[in-house]
Every structure is written in structure tokens, then in C-alpha cells.
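Enquirer: What follows is final_15.cif, mmCIF, C-alpha atoms and all ligand atoms.
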```cif
data_input
loop_
_atom_site.group_PDB
_atom_site.id
_atom_site.type_symbol
_atom_site.label_atom_id
_atom_site.label_comp_id
_atom_site.auth_asym_id
_atom_site.auth_seq_id
_atom_site.Cartn_x
_atom_site.Cartn_y
_atom_site.Cartn_z
ATOM 1 C CA MET Z 427 -159.696 135.458 89.796
ATOM 2 C CA ARG Z 428 -159.971 133.216 92.848
ATOM 3 C CA VAL Z 429 -162.794 133.480 95.369
ATOM 4 C CA VAL Z 430 -162.039 132.383 98.923
ATOM 5 C CA HIS Z 431 -164.778 131.929 101.466
ATOM 6 C CA THR Z 432 -162.985 131.288 104.750
ATOM 7 C CA VAL Z 433 -160.504 133.132 106.951
ATOM 8 C CA ALA Z 434 -158.153 130.125 106.898
ATOM 9 C CA GLU Z 435 -158.137 130.007 103.078
ATOM 10 C CA MET Z 436 -157.551 133.759 102.889
ATOM 11 C CA VAL Z 437 -154.610 133.586 105.297
ATOM 12 C CA SER Z 438 -152.901 130.877 103.260
ATOM 13 C CA ALA Z 439 -153.694 132.636 99.960
ATOM 14 C CA GLN Z 440 -152.115 135.906 101.109
ATOM 15 C CA ARG Z 441 -149.023 134.069 102.370
ATOM 16 C CA GLU Z 442 -148.410 132.797 98.856
ATOM 17 C CA ALA Z 443 -149.431 135.998 97.062
ATOM 18 C CA ALA Z 444 -147.042 138.218 95.117
ATOM 19 C CA ARG Z 445 -146.270 141.492 96.881
ATOM 20 C CA PRO Z 446 -147.136 144.323 97.185
ATOM 21 C CA LEU Z 447 -150.697 143.326 97.980
ATOM 22 C CA GLY Z 448 -153.494 145.906 97.735
ATOM 23 C CA LEU Z 449 -156.756 145.376 99.638
ATOM 24 C CA VAL Z 450 -160.080 146.955 98.685
ATOM 25 C CA PRO Z 451 -162.482 146.303 101.581
ATOM 26 C CA THR Z 452 -166.159 146.466 100.573
ATOM 27 C CA MET Z 453 -169.594 145.400 101.695
ATOM 28 C CA GLY Z 454 -170.506 144.439 98.129
ATOM 29 C CA ALA Z 455 -173.278 146.008 96.009
ATOM 30 C CA LEU Z 456 -170.403 147.432 94.014
ATOM 31 C CA HIS Z 457 -170.548 150.615 91.958
ATOM 32 C CA ASP Z 458 -168.037 152.671 90.005
ATOM 33 C CA GLY Z 459 -166.667 154.172 93.224
ATOM 34 C CA HIS Z 460 -165.522 150.713 94.372
ATOM 35 C CA LEU Z 461 -164.252 149.883 90.908
ATOM 36 C CA SER Z 462 -162.131 153.041 90.833
ATOM 37 C CA LEU Z 463 -160.461 151.725 94.023
ATOM 38 C CA VAL Z 464 -159.847 148.344 92.371
ATOM 39 C CA ARG Z 465 -158.335 150.058 89.316
ATOM 40 C CA ARG Z 466 -156.093 152.170 91.514
ATOM 41 C CA ALA Z 467 -155.004 149.091 93.480
ATOM 42 C CA ARG Z 468 -154.372 147.229 90.216
ATOM 43 C CA GLY Z 469 -151.958 149.928 89.065
ATOM 44 C CA GLU Z 470 -149.975 149.784 92.332
ATOM 45 C CA SER Z 471 -150.042 146.139 93.436
ATOM 46 C CA ALA Z 472 -148.808 142.740 92.319
ATOM 47 C CA THR Z 473 -151.877 141.179 93.959
ATOM 48 C CA VAL Z 474 -155.275 142.837 94.327
ATOM 49 C CA VAL Z 475 -157.630 141.449 96.971
ATOM 50 C CA ALA Z 476 -161.208 142.705 97.335
ATOM 51 C CA SER Z 477 -163.246 141.693 100.352
ATOM 52 C CA ILE Z 478 -167.018 141.486 100.306
ATOM 53 C CA PHE Z 479 -168.502 141.274 103.776
ATOM 54 C CA VAL Z 480 -171.644 142.991 105.006
ATOM 55 C CA ASN Z 481 -170.299 143.644 108.472
ATOM 56 C CA PRO Z 482 -173.142 143.285 110.984
ATOM 57 C CA THR Z 483 -171.324 145.044 113.807
ATOM 58 C CA GLN Z 484 -171.323 148.430 112.081
ATOM 59 C CA PHE Z 485 -175.115 148.535 111.716
ATOM 60 C CA GLY Z 486 -177.225 149.930 114.554
ATOM 61 C CA PRO Z 487 -180.380 148.132 115.758
ATOM 62 C CA GLN Z 488 -182.590 150.483 113.721
ATOM 63 C CA GLU Z 489 -180.435 150.306 110.599
ATOM 64 C CA ASP Z 490 -180.728 148.448 107.336
ATOM 65 C CA LEU Z 491 -178.532 145.332 107.828
ATOM 66 C CA ARG Z 492 -181.165 142.911 106.546
ATOM 67 C CA ALA Z 493 -182.163 145.157 103.659
ATOM 68 C CA TYR Z 494 -178.583 146.024 102.686
ATOM 69 C CA PRO Z 495 -178.235 145.136 98.983
ATOM 70 C CA ARG Z 496 -176.487 141.828 98.294
ATOM 71 C CA THR Z 497 -175.485 141.273 94.672
ATOM 72 C CA LEU Z 498 -172.659 138.730 94.897
ATOM 73 C CA GLU Z 499 -172.777 137.281 91.379
ATOM 74 C CA ARG Z 500 -172.760 140.717 89.795
ATOM 75 C CA ASP Z 501 -170.029 141.924 92.176
ATOM 76 C CA LEU Z 502 -167.775 138.989 91.273
ATOM 77 C CA ALA Z 503 -168.219 139.664 87.555
ATOM 78 C CA LEU Z 504 -167.345 143.344 88.079
ATOM 79 C CA LEU Z 505 -164.299 142.508 90.174
ATOM 80 C CA GLU Z 506 -163.052 140.024 87.618
ATOM 81 C CA LYS Z 507 -163.417 142.639 84.895
ATOM 82 C CA GLY Z 508 -161.808 145.281 87.121
ATOM 83 C CA GLY Z 509 -158.701 143.134 87.566
ATOM 84 C CA ALA Z 510 -158.961 141.698 91.098
ATOM 85 C CA ASP Z 511 -156.898 138.553 91.703
ATOM 86 C CA LEU Z 512 -158.620 137.350 94.854
ATOM 87 C CA VAL Z 513 -161.996 137.961 96.437
ATOM 88 C CA PHE Z 514 -162.544 137.242 100.126
ATOM 89 C CA THR Z 515 -166.203 136.633 101.016
ATOM 90 C CA PRO Z 516 -166.262 135.281 104.569
ATOM 91 C CA GLN Z 517 -169.345 134.147 106.451
ATOM 92 C CA GLN Z 518 -170.480 136.012 109.529
ATOM 93 C CA GLU Z 519 -169.749 133.019 111.818
ATOM 94 C CA ASP Z 520 -166.185 132.870 110.557
ATOM 95 C CA MET Z 521 -165.516 136.564 111.200
ATOM 96 C CA TYR Z 522 -167.437 136.645 114.485
ATOM 97 C CA PRO Z 523 -167.408 133.110 115.903
ATOM 98 C CA SER Z 524 -169.335 132.455 119.072
ATOM 99 C CA GLY Z 525 -167.392 133.848 122.023
ATOM 100 C CA PHE Z 526 -165.990 136.740 119.951
ATOM 101 C CA ASP Z 527 -165.396 139.502 122.485
ATOM 102 C CA THR Z 528 -162.680 141.950 121.405
ATOM 103 C CA TRP Z 529 -163.465 145.369 119.980
ATOM 104 C CA VAL Z 530 -161.437 148.176 118.512
ATOM 105 C CA GLU Z 531 -162.669 151.443 119.945
ATOM 106 C CA VAL Z 532 -161.273 154.602 118.348
ATOM 107 C CA GLY Z 533 -161.612 157.645 120.632
ATOM 108 C CA ARG Z 534 -162.678 161.211 119.917
ATOM 109 C CA LEU Z 535 -162.663 161.015 116.116
ATOM 110 C CA ALA Z 536 -165.200 158.219 116.131
ATOM 111 C CA HIS Z 537 -167.675 160.069 118.317
ATOM 112 C CA ARG Z 538 -168.190 163.168 116.228
ATOM 113 C CA LEU Z 539 -170.510 163.596 113.180
ATOM 114 C CA GLU Z 540 -171.507 160.084 112.017
ATOM 115 C CA GLY Z 541 -170.495 158.750 115.424
ATOM 116 C CA GLU Z 542 -173.117 160.951 117.096
ATOM 117 C CA SER Z 543 -175.879 159.863 114.734
ATOM 118 C CA ARG Z 544 -174.786 156.218 114.616
ATOM 119 C CA PRO Z 545 -173.444 155.165 118.036
ATOM 120 C CA GLY Z 546 -171.253 152.066 117.795
ATOM 121 C CA HIS Z 547 -170.886 152.345 114.008
ATOM 122 C CA PHE Z 548 -167.169 153.108 114.022
ATOM 123 C CA ARG Z 549 -166.474 150.475 116.669
ATOM 124 C CA GLY Z 550 -167.822 147.960 114.149
ATOM 125 C CA VAL Z 551 -165.894 149.499 111.258
ATOM 126 C CA ALA Z 552 -162.606 149.700 113.202
ATOM 127 C CA THR Z 553 -162.971 146.141 114.467
ATOM 128 C CA VAL Z 554 -163.682 144.615 111.075
ATOM 129 C CA VAL Z 555 -160.980 146.661 109.317
ATOM 130 C CA ALA Z 556 -158.407 145.600 111.935
ATOM 131 C CA LYS Z 557 -159.473 141.988 111.374
ATOM 132 C CA LEU Z 558 -159.274 142.364 107.586
ATOM 133 C CA PHE Z 559 -155.814 143.938 107.839
ATOM 134 C CA ASN Z 560 -154.651 141.046 110.034
ATOM 135 C CA ILE Z 561 -156.155 138.353 107.832
ATOM 136 C CA VAL Z 562 -155.132 139.795 104.445
ATOM 137 C CA ARG Z 563 -151.899 141.567 105.554
ATOM 138 C CA PRO Z 564 -151.970 144.134 102.736
ATOM 139 C CA GLU Z 565 -149.200 146.637 102.060
ATOM 140 C CA ARG Z 566 -151.889 149.115 100.977
ATOM 141 C CA ALA Z 567 -155.634 149.422 101.560
ATOM 142 C CA TYR Z 568 -157.956 151.558 99.456
ATOM 143 C CA PHE Z 569 -160.915 153.629 100.682
ATOM 144 C CA GLY Z 570 -163.144 156.304 99.164
ATOM 145 C CA GLN Z 571 -163.119 159.972 100.203
ATOM 146 C CA LYS Z 572 -166.940 159.760 100.249
ATOM 147 C CA ASP Z 573 -166.590 158.208 103.733
ATOM 148 C CA ALA Z 574 -164.168 160.878 104.936
ATOM 149 C CA GLN Z 575 -164.682 160.215 108.648
ATOM 150 C CA GLN Z 576 -164.256 156.472 108.145
ATOM 151 C CA VAL Z 577 -160.922 157.195 106.469
ATOM 152 C CA GLN Z 578 -159.732 159.236 109.461
ATOM 153 C CA VAL Z 579 -160.887 156.574 111.913
ATOM 154 C CA ILE Z 580 -159.007 153.911 109.925
ATOM 155 C CA ARG Z 581 -155.873 156.067 109.744
ATOM 156 C CA GLN Z 582 -156.005 156.535 113.510
ATOM 157 C CA LEU Z 583 -156.472 152.828 114.175
ATOM 158 C CA ASN Z 584 -153.732 151.934 111.706
ATOM 159 C CA ALA Z 585 -151.285 154.333 113.386
ATOM 160 C CA ASP Z 586 -152.267 153.592 116.994
ATOM 161 C CA LEU Z 587 -152.115 149.810 116.598
ATOM 162 C CA ASN Z 588 -148.985 149.908 114.387
ATOM 163 C CA LEU Z 589 -150.731 147.942 111.666
ATOM 164 C CA GLY Z 590 -148.289 149.322 109.095
ATOM 165 C CA VAL Z 591 -150.730 149.501 106.185
ATOM 166 C CA GLN Z 592 -150.551 152.401 103.747
ATOM 167 C CA VAL Z 593 -154.060 153.849 103.664
ATOM 168 C CA VAL Z 594 -154.821 155.151 100.163
ATOM 169 C CA VAL Z 595 -157.798 157.446 99.633
ATOM 170 C CA ALA Z 596 -159.425 157.901 96.219
ATOM 171 C CA PRO Z 597 -161.758 160.727 95.169
ATOM 172 C CA THR Z 598 -165.535 160.368 95.428
ATOM 173 C CA VAL Z 599 -167.077 159.109 92.192
ATOM 174 C CA ARG Z 600 -170.280 160.951 91.242
ATOM 175 C CA GLU Z 601 -173.263 160.388 88.977
ATOM 176 C CA PRO Z 602 -173.520 162.933 86.130
ATOM 177 C CA ASP Z 603 -175.915 165.049 88.257
ATOM 178 C CA GLY Z 604 -173.445 165.180 91.143
ATOM 179 C CA LEU Z 605 -174.915 162.532 93.468
ATOM 180 C CA ALA Z 606 -172.089 160.633 95.158
ATOM 181 C CA MET Z 607 -172.169 156.943 94.272
ATOM 182 C CA SER Z 608 -173.286 154.782 97.176
ATOM 183 C CA SER Z 609 -174.662 151.277 97.532
ATOM 184 C CA ARG Z 610 -177.581 152.837 99.388
ATOM 185 C CA ASN Z 611 -178.696 154.946 96.390
ATOM 186 C CA VAL Z 612 -180.763 151.947 95.198
ATOM 187 C CA PHE Z 613 -183.122 152.561 98.133
ATOM 188 C CA LEU Z 614 -184.134 156.008 96.812
ATOM 189 C CA SER Z 615 -187.572 156.284 95.225
ATOM 190 C CA PRO Z 616 -187.589 157.972 91.778
ATOM 191 C CA GLN Z 617 -188.662 161.263 93.420
ATOM 192 C CA GLU Z 618 -185.987 160.988 96.117
ATOM 193 C CA ARG Z 619 -183.381 160.130 93.503
ATOM 194 C CA GLN Z 620 -184.331 163.284 91.635
ATOM 195 C CA ALA Z 621 -184.027 165.335 94.820
ATOM 196 C CA ALA Z 622 -180.752 163.760 96.009
ATOM 197 C CA PRO Z 623 -178.291 165.955 94.029
ATOM 198 C CA VAL Z 624 -179.249 168.750 96.443
ATOM 199 C CA LEU Z 625 -176.442 167.433 98.689
ATOM 200 C CA HIS Z 626 -173.862 168.065 96.009
ATOM 201 C CA ARG Z 627 -175.411 171.431 95.129
ATOM 202 C CA SER Z 628 -175.074 172.573 98.713
ATOM 203 C CA LEU Z 629 -171.448 171.376 98.872
ATOM 204 C CA SER Z 630 -170.774 173.244 95.625
ATOM 205 C CA LEU Z 631 -172.296 176.356 97.187
ATOM 206 C CA ALA Z 632 -169.842 176.028 100.092
ATOM 207 C CA GLU Z 633 -167.020 175.719 97.580
ATOM 208 C CA ARG Z 634 -168.199 178.837 95.725
ATOM 209 C CA MET Z 635 -168.519 180.887 98.907
ATOM 210 C CA HIS Z 636 -165.065 179.758 100.000
ATOM 211 C CA SER Z 637 -163.578 180.696 96.639
ATOM 212 C CA GLN Z 638 -165.206 184.134 97.067
ATOM 213 C CA LYS Z 639 -163.226 184.430 100.326
ATOM 214 C CA GLU Z 640 -166.029 183.687 102.802
ATOM 215 C CA ARG Z 641 -164.231 182.273 105.857
ATOM 216 C CA ASN Z 642 -166.995 182.355 108.446
ATOM 217 C CA ALA Z 643 -168.073 178.721 108.828
ATOM 218 C CA ALA Z 644 -171.483 179.627 110.300
ATOM 219 C CA ASN Z 645 -172.342 181.758 107.261
ATOM 220 C CA ILE Z 646 -171.497 178.917 104.883
ATOM 221 C CA LYS Z 647 -173.413 176.341 106.938
ATOM 222 C CA GLU Z 648 -176.435 178.619 107.096
ATOM 223 C CA ALA Z 649 -176.436 179.117 103.316
ATOM 224 C CA MET Z 650 -176.113 175.364 102.784
ATOM 225 C CA GLY Z 651 -179.007 174.740 105.170
ATOM 226 C CA ARG Z 652 -181.180 177.256 103.309
ATOM 227 C CA LEU Z 653 -180.416 175.601 99.981
ATOM 228 C CA LEU Z 654 -181.241 172.161 101.401
ATOM 229 C CA GLN Z 655 -184.551 173.477 102.707
ATOM 230 C CA THR Z 656 -185.619 174.273 99.160
ATOM 231 C CA GLU Z 657 -185.872 170.501 98.627
ATOM 232 C CA PRO Z 658 -188.928 169.298 100.590
ATOM 233 C CA LEU Z 659 -187.861 165.610 100.508
ATOM 234 C CA ALA Z 660 -184.507 166.348 102.175
ATOM 235 C CA ARG Z 661 -184.182 166.401 105.974
ATOM 236 C CA LEU Z 662 -180.827 167.749 107.094
ATOM 237 C CA GLU Z 663 -179.236 165.805 109.957
ATOM 238 C CA TYR Z 664 -176.020 167.759 110.223
ATOM 239 C CA VAL Z 665 -173.721 170.012 108.290
ATOM 240 C CA SER Z 666 -170.172 170.383 109.493
ATOM 241 C CA ILE Z 667 -167.098 172.369 108.585
ATOM 242 C CA ALA Z 668 -164.168 170.825 110.377
ATOM 243 C CA THR Z 669 -160.433 170.303 110.392
ATOM 244 C CA PRO Z 670 -159.978 167.270 108.100
ATOM 245 C CA GLU Z 671 -157.668 165.306 110.422
ATOM 246 C CA THR Z 672 -159.333 165.902 113.797
ATOM 247 C CA LEU Z 673 -162.905 166.649 112.649
ATOM 248 C CA GLU Z 674 -163.053 169.498 115.151
ATOM 249 C CA GLU Z 675 -165.566 172.138 114.100
ATOM 250 C CA MET Z 676 -164.111 175.383 112.782
ATOM 251 C CA GLU Z 677 -165.492 178.857 113.409
ATOM 252 C CA VAL Z 678 -163.174 180.589 111.003
ATOM 253 C CA ILE Z 679 -161.830 178.601 108.078
ATOM 254 C CA GLN Z 680 -158.075 178.658 108.039
ATOM 255 C CA GLY Z 681 -156.290 176.135 105.878
ATOM 256 C CA PRO Z 682 -157.954 172.949 104.610
ATOM 257 C CA ALA Z 683 -161.504 172.259 105.774
ATOM 258 C CA LEU Z 684 -163.769 169.239 105.406
ATOM 259 C CA VAL Z 685 -167.356 170.217 104.657
ATOM 260 C CA SER Z 686 -169.612 167.253 105.304
ATOM 261 C CA LEU Z 687 -173.301 166.631 105.676
ATOM 262 C CA ALA Z 688 -175.856 163.914 106.355
ATOM 263 C CA VAL Z 689 -179.350 164.139 104.927
ATOM 264 C CA ARG Z 690 -182.342 161.855 105.184
ATOM 265 C CA MET Z 691 -184.364 161.258 102.028
ATOM 266 C CA GLY Z 692 -187.350 159.240 103.179
ATOM 267 C CA LYS Z 693 -185.887 156.104 104.775
ATOM 268 C CA THR Z 694 -182.463 156.539 103.195
ATOM 269 C CA ARG Z 695 -179.631 158.369 104.864
ATOM 270 C CA LEU Z 696 -177.103 159.977 102.523
ATOM 271 C CA ILE Z 697 -173.725 161.462 103.370
ATOM 272 C CA ASP Z 698 -171.332 163.467 101.264
ATOM 273 C CA ASN Z 699 -168.411 165.846 101.676
ATOM 274 C CA ILE Z 700 -165.839 168.023 99.953
ATOM 275 C CA LEU Z 701 -162.453 169.301 100.959
ATOM 276 C CA LEU Z 702 -161.892 173.046 100.795
ATOM 277 C CA GLY Z 703 -158.475 174.554 100.357
ATOM 278 C CA ALA Z 704 -156.700 171.232 99.839
ATOM 279 C CA GLN Z 705 -155.416 169.218 96.935
ATOM 280 C CA GLY Z 706 -157.842 166.393 97.754
ATOM 281 C CA PRO Z 707 -157.000 162.698 97.820
HETATM 282 O O1 LIG P 801 -166.937 151.375 103.540
HETATM 283 C C1 LIG P 801 -167.377 150.216 103.672
HETATM 284 O O2 LIG P 801 -167.898 149.595 102.757
HETATM 285 C C2 LIG P 801 -167.246 149.520 105.022
HETATM 286 O O3 LIG P 801 -167.431 150.415 106.062
HETATM 287 C C3 LIG P 801 -165.928 148.734 105.196
HETATM 288 C C4 LIG P 801 -164.730 149.663 105.192
HETATM 289 C C5 LIG P 801 -165.796 147.705 104.087
HETATM 290 C C6 LIG P 801 -165.935 148.000 106.533
HETATM 291 O O4 LIG P 801 -166.994 147.097 106.628
#
```
Can you present the structure in this file as C-alpha cells?
Expert:
Amino acid sequence: MRVVHTVAEMVSAQREAARPLGLVPTMGALHDGHLSLVRRARGESATVVASIFVNPTQFGPQEDLRAYPRTLERDLALLEKGGADLVFTPQQEDMYPSGFDTWVEVGRLAHRLEGESRPGHFRGVATVVAKLFNIVRPERAYFGQKDAQQVQVIRQLNADLNLGVQVVVAPTVREPDGLAMSSRNVFLSPQERQAAPVLHRSLSLAERMHSQKERNAANIKEAMGRLLQTEPLARLEYVSIATPETLEEMEVIQGPALVSLAVRMGKTRLIDNILLGAQGP
């Protein structure tokens, strides 16, 4: 496994790489969710590239950029074991040199849900993903369903800017108690960690109600909210039942629906989702 630290090195490495090339973009602090993406890429690509870059432009002023976990040595060992061929770990000044002044702004999709709570977040994500696609030139790029809105934003940007990358989405990987794996889970105190599976329990409740033919979105959201309230450490930010592609809220569930929620546990913000009435990624 080769580790490249600069954009110039990455560009020349990808030019020489065997194709198809699969890219797994990450911000490091890897967990089994990331590694499932690497494994999937390994099975479908001649060259697997993972990027590790804690992208400053997707963090808001009040967010945890400085505290974001950085575990490079461990990440490299995991990627080597997982079968990556190349790891791209650029410096901030190389990705955003002084004078950098071009942004990728996705419209409506990026302003709902997470976009409302985290203004500017998806502008940062879309910009860095467009840059990564242009630098690495993958045939396929791999993302987790856990960040369902991010996936839709990336699909939109990929289609609108004719980037020509196949966006592959892999299922959310969960801890045995249902908590979705996330690099931010390390911030949870032991009590918060114990409380955190309440997100998954409330998504499972939505799934149960849907399977019992409940189609009124408000009824499901209300029941989820009540369940979340039974956990005093959890503060619900939003719960949404929306059309998976457009993220428009549904009143009556017809066809596939994305149920998603954001919850604060102390200082940590957790998100999770499930798809109803669909095959899933
Ligand atoms: O999902 C993430 O880790 C990040 O948002 C991504 C896609 C690597 C862009 O920085």
C-alpha cells in the first residue's frame, strides 16, 4: 500500500493506476463502516484508493473541527489490512491553497434536514468531493447509507456537473446494540453511549408501524418522538419522513420513504436513518 501526501503525487499515481479505480473518501478515524466500503471497493476495482482528509470547509464555526478524532497510524494499518492500494492524505494548504475561491453549491437538497441545522456543511462536502473526484478520477466512489442526505447531494453534484463517477452506497454498519457506527461515537460519555441506541430503537419503531400498514407520517414521527423522550440524555433535533431522492417531507407514505433523525447527546450530535419500503442500498 502506497501513501501519497500531495495532490500532484495523487494525480500522477492515478494516471498510472490499473482501472477500474474505486475511491473511498473518508475523514479518517476509521471504523467498520468505512472498512465495509473498502472491502466492497476491493471486490469491484483493480485499484482501491482511500482518502483521509478532515475537510475544514464542511465544519461550521461552532463545530468540532479541532476535536475531530485523528488516528492516522491506526487508519493506515486498517486500510492496509482491508486491501487498499493507495491512500491519499493531503494537507489543508494543498487542498485549499491561499486564494482558493470556488465553491460547489448544491441547491434545494442541500438546504433541507442537515442543511438547516448545519448551514454551509454541504457546500463544503460538495466542494471537497468534486475536488477528490477530479484529483483521483475514480470510476466508482463508495459512501455509506448512514449519511443518506450526503449521498443524495453527491449524486446530484455528480449528475449536474457530469463528473461521470458511479456512486455506490453501502448499508449502515451497526454496533451489536443497533448504534450506527460513526467516528463521532468516541465523544459519547459512557452514559451517553448507553443511551445512544435509542435512535435505532425509534427507527425500528417506524419500521414496525410501517409494516403494520401505518401510512400517516405524522403518526409515525409522533411515536418516534415519544420513544426518544423516554431517554433523558437525548435531545431530538429533527425527525423526518421524506422521499429518498428529493428529501421532500411526506404526509402520507406512498412508495419508498427515508426516515431520518438527528439527536444531540450532550455535546455530540448523532444522525441515523432507515429506508422504508425499499430494497436498500
Ligand atoms: O462522509 C465523510 O466522511 C465526509 O463527508 C467526506 C465524504 C469524506 C467528505 O469530506
Enquirer: Need to verify the contact set: Met635 in chain Z, 12 Å, only C-alpha atoms, exclusion of same-chain residues closer than 4 positions in sequence. Can you return it as an mmCIF file with C-alpha atoms, in the coordinates of the input?
Expert:
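Saved as part-v7.cif:
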```cif
data_model
loop_
_atom_site.group_PDB
_atom_site.id
_atom_site.type_symbol
_atom_site.label_atom_id
_atom_site.label_comp_id
_atom_site.auth_asym_id
_atom_site.auth_seq_id
_atom_site.Cartn_x
_atom_site.Cartn_y
_atom_site.Cartn_z
ATOM 1 C CA SER Z 628 -175.074 172.573 98.713
ATOM 2 C CA LEU Z 629 -171.448 171.376 98.872
ATOM 3 C CA SER Z 630 -170.774 173.244 95.625
ATOM 4 C CA LEU Z 631 -172.296 176.356 97.187
ATOM 5 C CA LYS Z 639 -163.226 184.430 100.326
ATOM 6 C CA GLU Z 640 -166.029 183.687 102.802
ATOM 7 C CA ARG Z 641 -164.231 182.273 105.857
ATOM 8 C CA ASN Z 642 -166.995 182.355 108.446
ATOM 9 C CA ALA Z 643 -168.073 178.721 108.828
ATOM 10 C CA ALA Z 644 -171.483 179.627 110.300
ATOM 11 C CA ASN Z 645 -172.342 181.758 107.261
ATOM 12 C CA ILE Z 646 -171.497 178.917 104.883
ATOM 13 C CA LYS Z 647 -173.413 176.341 106.938
ATOM 14 C CA GLU Z 648 -176.435 178.619 107.096
ATOM 15 C CA ALA Z 649 -176.436 179.117 103.316
ATOM 16 C CA MET Z 650 -176.113 175.364 102.784
ATOM 17 C CA ILE Z 679 -161.830 178.601 108.078
ATOM 18 C CA LEU Z 702 -161.892 173.046 100.795
ATOM 19 C CA GLY Z 703 -158.475 174.554 100.357
#
```
Enquirer: Step by step, work through what the PyMOL selection byres (((not hetatm)) within 6 of (chain P and resi 801)) selects in the shown file, and finish by giving those residues as a PyMOL selection string.
Expert: chain Z and resi 451-453+481+551+555
Enquirer: Restricted to C-alpha atoms, what would the selected residues look like written as a compact mmCIF listing (two decimals), in the coordinates of the input?
Expert:
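Once everything was written out, this is out03.txt:
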```
# COMPACT_ATOMS: atom_id res chain seq x y z
CA PRO Z 451 -162.48 146.30 101.58
CA THR Z 452 -166.16 146.47 100.57
CA MET Z 453 -169.59 145.40 101.70
CA ASN Z 481 -170.30 143.64 108.47
CA VAL Z 551 -165.89 149.50 111.26
CA VAL Z 555 -160.98 146.66 109.32
```
Enquirer: Using CA of Pro564 in chain Z and CA of Val464 in chain Z as the two end points, give the distance in Å to one decimal.
Expert: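 Interatomic distance here is 13.7 Å.
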Enquirer: For the provided coordinates, the residues matched by the PyMOL selection byres (((chain Z and resi 428) around 8) and not hetatm) should be stated as a list of chain:residue names.
Expert: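 So the PyMOL selection byres (((chain Z and resi 428) around 8) and not hetatm) ends up selecting Z:Met427, Z:Val429, Z:Val430, Z:Asp511, Z:Leu512, Z:Val513.
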Enquirer: Hey, which of Z:Gln440, Z:Thr672, Z:Thr656, Z:Asn611 ends up closest to Met691 in chain Z? Count only C-alpha atoms.
Expert: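 Of all the options, Z:Asn611 lies closest to Met691 in chain Z.
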Enquirer: For range 532-545 of chain Z, work out the shell of residues within 12 Å, counting all atoms listed in the file and skipping chain neighbours fewer than 6 positions away, then give it as an MDAnalysis selection string.
Expert: chainID Z and resid 483:489 551:553 556 573:587 663:675 684:690 695:699
Enquirer: Listed atoms of range 526-530 of chain Z, axis-aligned box, 4 Å per side: centre and edge lengths to one decimal in Å, as lines of an AutoDock Vina configuration file?
Expert:
```
center_x = -163.7
center_y = 142.5
center_z = 120.5
size_x = 12.6
size_y = 19.4
size_z = 12.0
```
Enquirer: What lies within 12 Å of Ala467 in chain Z using all atoms listed in the file, ignoring chain neighbours under 5 positions off, as a ChimeraX atom specification?
Expert: /Z:446-451,460-462,472-476,505,508-511,564-569,592-596
Enquirer: Interatomic distance between CA of His626 in chain Z and CA of Gln655 in chain Z?
Expert: 13.7 Å
Enquirer: May I ask for the distance between CA of His457 in chain Z and CA of Arg445 in chain Z, given in Å to one decimal place?
Expert: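 Going from CA of His457 in chain Z over to CA of Arg445 in chain Z, I get 26.4 Å.
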Enquirer: Which residue, Z:Phe514, Z:Phe548, Z:Phe613, Z:Tyr522, has the smallest gap to Tyr494 in chain Z when you use only C-alpha atoms?
Expert: Z:Phe613
